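Undergrad: Can you read through this structure? Questions will come right after.
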Amino acid sequence: MAETRHSVNATELLRTSRDRQVSLRLPLALDQRLDALVERATNAGERTTRAELLQALILDCGLDGVGLGVLPTVVVSSVA
């Protein structure tokens, strides 16, 4: 049986929220870029992980459906 989506309390802190493991594949260039972003943050004195950085990028993304629809096109047409 498929897991049903649960609603999340809007006041709940993400660090105390339940998590869910997801599986995804990234092109090697994006994988390397993610490592580079974590390294830059570390060099700037921040302590972060790949997972935390991806979470922050997702949170920073707007919820505009039209804008989100364009993003896959940008990725497909981008070069490393």
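Just remember, in the structure tokens the first chain shown is A, the second B, etc., residues are 1-based per chain, and ligands are 1-based in the order shown.
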Give me the residues near A:Leu34 as JSON, numbers by chain, where near means some atom within 10 Å (using only C-alpha atoms) and where sequence neighbours in that chain fewer than 3 positions away do not count.

TA: {"A": [26, 28, 29, 30, 31, 37, 38, 39, 40, 49, 50, 51, 53, 54]}

Undergrad: I'd like the neighbourhood of A:Ser7 as a ChimeraX atom specification, where a residue qualifies if any of its atoms comes within 12 Å (using only C-alpha atoms), though same-chain residues fewer than 4 positions away should be ignored.

TA: /A:11-12,17-18

Undergrad: Write the residues of the preceding selection, restricted to all heavy atoms, as a compact mmCIF listing (two decimals), in the first residue's frame.

TA:
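Result file follows (result_11.txt):
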```txt
# COMPACT_ATOMS: atom_id res chain seq x y z
N THR A 11 3.73 25.43 12.01
CA THR A 11 4.60 26.00 13.05
C THR A 11 5.67 25.02 13.52
O THR A 11 6.50 25.38 14.34
CB THR A 11 3.77 26.44 14.26
OG1 THR A 11 3.13 25.30 14.84
CG2 THR A 11 2.72 27.48 13.87
N GLU A 12 5.66 23.82 12.98
CA GLU A 12 6.63 22.80 13.39
C GLU A 12 8.01 23.11 12.82
O GLU A 12 8.16 23.43 11.64
CB GLU A 12 6.18 21.43 12.89
CG GLU A 12 7.10 20.30 13.29
CD GLU A 12 6.59 18.95 12.79
OE1 GLU A 12 5.70 18.92 11.93
OE2 GLU A 12 7.12 17.95 13.27
N SER A 17 10.83 17.80 12.80
CA SER A 17 9.84 17.14 11.96
C SER A 17 10.31 15.73 11.58
O SER A 17 11.50 15.47 11.47
CB SER A 17 9.62 17.96 10.69
OG SER A 17 8.71 17.34 9.84
N ARG A 18 9.35 14.85 11.37
CA ARG A 18 9.70 13.52 10.85
C ARG A 18 10.33 13.70 9.48
O ARG A 18 10.03 14.65 8.77
CB ARG A 18 8.47 12.64 10.72
CG ARG A 18 7.84 12.27 12.02
CD ARG A 18 6.67 11.34 11.84
NE ARG A 18 6.16 11.29 10.46
CZ ARG A 18 5.08 10.66 10.09
NH1 ARG A 18 4.36 10.03 10.98
NH2 ARG A 18 4.68 10.65 8.85
```

Undergrad: Enumerate, as a PyMOL selection string, the complete set of residues in chain A that a backbone-based DSSP assignment places in helix (DSSP H, G or I).

TA: chain A and resi 14-16+28-43+50-60+65-77

Undergrad: Write the residues of the selection above to a file with N, CA and C atoms, as a compact mmCIF listing (two decimals), in the first residue's frame.

TA:
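What landed in part12.txt:
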```
# COMPACT_ATOMS: atom_id res chain seq x y z
N LEU A 14 11.53 22.34 11.27
CA LEU A 14 11.98 21.25 10.40
C LEU A 14 12.92 20.30 11.12
N ARG A 15 13.74 20.81 12.03
CA ARG A 15 14.69 19.93 12.71
C ARG A 15 14.00 18.92 13.63
N THR A 16 12.75 19.19 14.00
CA THR A 16 12.03 18.24 14.85
C THR A 16 10.96 17.48 14.07
N LEU A 28 26.34 13.85 -12.85
CA LEU A 28 27.61 13.99 -12.16
C LEU A 28 27.99 15.45 -11.96
N ALA A 29 27.73 16.29 -12.96
CA ALA A 29 28.07 17.70 -12.84
C ALA A 29 27.33 18.37 -11.68
N LEU A 30 26.06 18.01 -11.47
CA LEU A 30 25.31 18.59 -10.35
C LEU A 30 25.77 18.01 -9.02
N ASP A 31 26.14 16.76 -9.01
CA ASP A 31 26.69 16.14 -7.80
C ASP A 31 27.97 16.86 -7.38
N GLN A 32 28.82 17.14 -8.34
CA GLN A 32 30.07 17.85 -8.05
C GLN A 32 29.79 19.29 -7.62
N ARG A 33 28.80 19.90 -8.25
CA ARG A 33 28.45 21.27 -7.87
C ARG A 33 27.92 21.31 -6.44
N LEU A 34 27.13 20.33 -6.06
CA LEU A 34 26.62 20.26 -4.69
C LEU A 34 27.78 20.15 -3.71
N ASP A 35 28.74 19.29 -4.02
CA ASP A 35 29.93 19.18 -3.17
C ASP A 35 30.67 20.51 -3.07
N ALA A 36 30.78 21.21 -4.21
CA ALA A 36 31.47 22.50 -4.24
C ALA A 36 30.74 23.54 -3.38
N LEU A 37 29.41 23.51 -3.42
CA LEU A 37 28.62 24.45 -2.60
C LEU A 37 28.82 24.17 -1.12
N VAL A 38 28.84 22.91 -0.75
CA VAL A 38 29.08 22.55 0.66
C VAL A 38 30.48 23.00 1.06
N GLU A 39 31.44 22.80 0.18
CA GLU A 39 32.82 23.21 0.48
C GLU A 39 32.91 24.73 0.66
N ARG A 40 32.22 25.47 -0.20
CA ARG A 40 32.22 26.94 -0.06
C ARG A 40 31.63 27.36 1.28
N ALA A 41 30.53 26.74 1.65
CA ALA A 41 29.91 27.07 2.93
C ALA A 41 30.86 26.75 4.08
N THR A 42 31.52 25.61 3.99
CA THR A 42 32.47 25.20 5.03
C THR A 42 33.63 26.20 5.11
N ASN A 43 34.14 26.60 3.95
CA ASN A 43 35.24 27.57 3.91
C ASN A 43 34.83 28.92 4.47
N ARG A 50 25.32 18.04 2.61
CA ARG A 50 24.63 18.02 1.32
C ARG A 50 23.12 18.02 1.52
N ALA A 51 22.65 17.21 2.45
CA ALA A 51 21.21 17.11 2.72
C ALA A 51 20.66 18.45 3.18
N GLU A 52 21.34 19.12 4.11
CA GLU A 52 20.86 20.40 4.60
C GLU A 52 20.84 21.45 3.49
N LEU A 53 21.86 21.42 2.64
CA LEU A 53 21.90 22.39 1.55
C LEU A 53 20.77 22.16 0.56
N LEU A 54 20.50 20.90 0.22
CA LEU A 54 19.38 20.61 -0.67
C LEU A 54 18.05 21.04 -0.03
N GLN A 55 17.92 20.80 1.25
CA GLN A 55 16.70 21.22 1.95
C GLN A 55 16.54 22.74 1.88
N ALA A 56 17.63 23.48 2.08
CA ALA A 56 17.57 24.94 2.03
C ALA A 56 17.21 25.42 0.63
N LEU A 57 17.76 24.77 -0.39
CA LEU A 57 17.45 25.16 -1.77
C LEU A 57 15.98 24.91 -2.09
N ILE A 58 15.44 23.80 -1.60
CA ILE A 58 14.02 23.50 -1.82
C ILE A 58 13.15 24.53 -1.09
N LEU A 59 13.52 24.87 0.14
CA LEU A 59 12.75 25.87 0.89
C LEU A 59 12.79 27.23 0.22
N ASP A 60 13.89 27.56 -0.42
CA ASP A 60 14.06 28.86 -1.04
C ASP A 60 13.30 28.99 -2.36
N GLY A 65 3.47 27.74 -9.80
CA GLY A 65 3.39 26.60 -10.71
C GLY A 65 4.00 26.87 -12.07
N VAL A 66 3.76 28.06 -12.62
CA VAL A 66 4.31 28.39 -13.93
C VAL A 66 5.83 28.44 -13.86
N GLY A 67 6.36 29.10 -12.86
CA GLY A 67 7.81 29.18 -12.69
C GLY A 67 8.44 27.82 -12.49
N LEU A 68 7.77 26.99 -11.71
CA LEU A 68 8.30 25.64 -11.47
C LEU A 68 8.28 24.81 -12.75
N GLY A 69 7.30 25.04 -13.59
CA GLY A 69 7.21 24.30 -14.85
C GLY A 69 8.37 24.59 -15.78
N VAL A 70 8.98 25.75 -15.65
CA VAL A 70 10.10 26.13 -16.51
C VAL A 70 11.40 25.50 -16.03
N LEU A 71 11.52 25.22 -14.76
CA LEU A 71 12.79 24.72 -14.20
C LEU A 71 13.31 23.47 -14.89
N PRO A 72 12.50 22.44 -15.14
CA PRO A 72 13.05 21.26 -15.82
C PRO A 72 13.62 21.58 -17.20
N THR A 73 13.01 22.51 -17.90
CA THR A 73 13.52 22.91 -19.21
C THR A 73 14.91 23.56 -19.06
N VAL A 74 15.07 24.36 -18.04
CA VAL A 74 16.36 25.00 -17.78
C VAL A 74 17.42 23.94 -17.50
N VAL A 75 17.08 22.95 -16.70
CA VAL A 75 18.04 21.89 -16.36
C VAL A 75 18.43 21.10 -17.60
N VAL A 76 17.46 20.72 -18.39
CA VAL A 76 17.71 19.91 -19.59
C VAL A 76 18.60 20.66 -20.57
N SER A 77 18.45 21.96 -20.67
CA SER A 77 19.21 22.71 -21.66
C SER A 77 20.50 23.30 -21.10
```
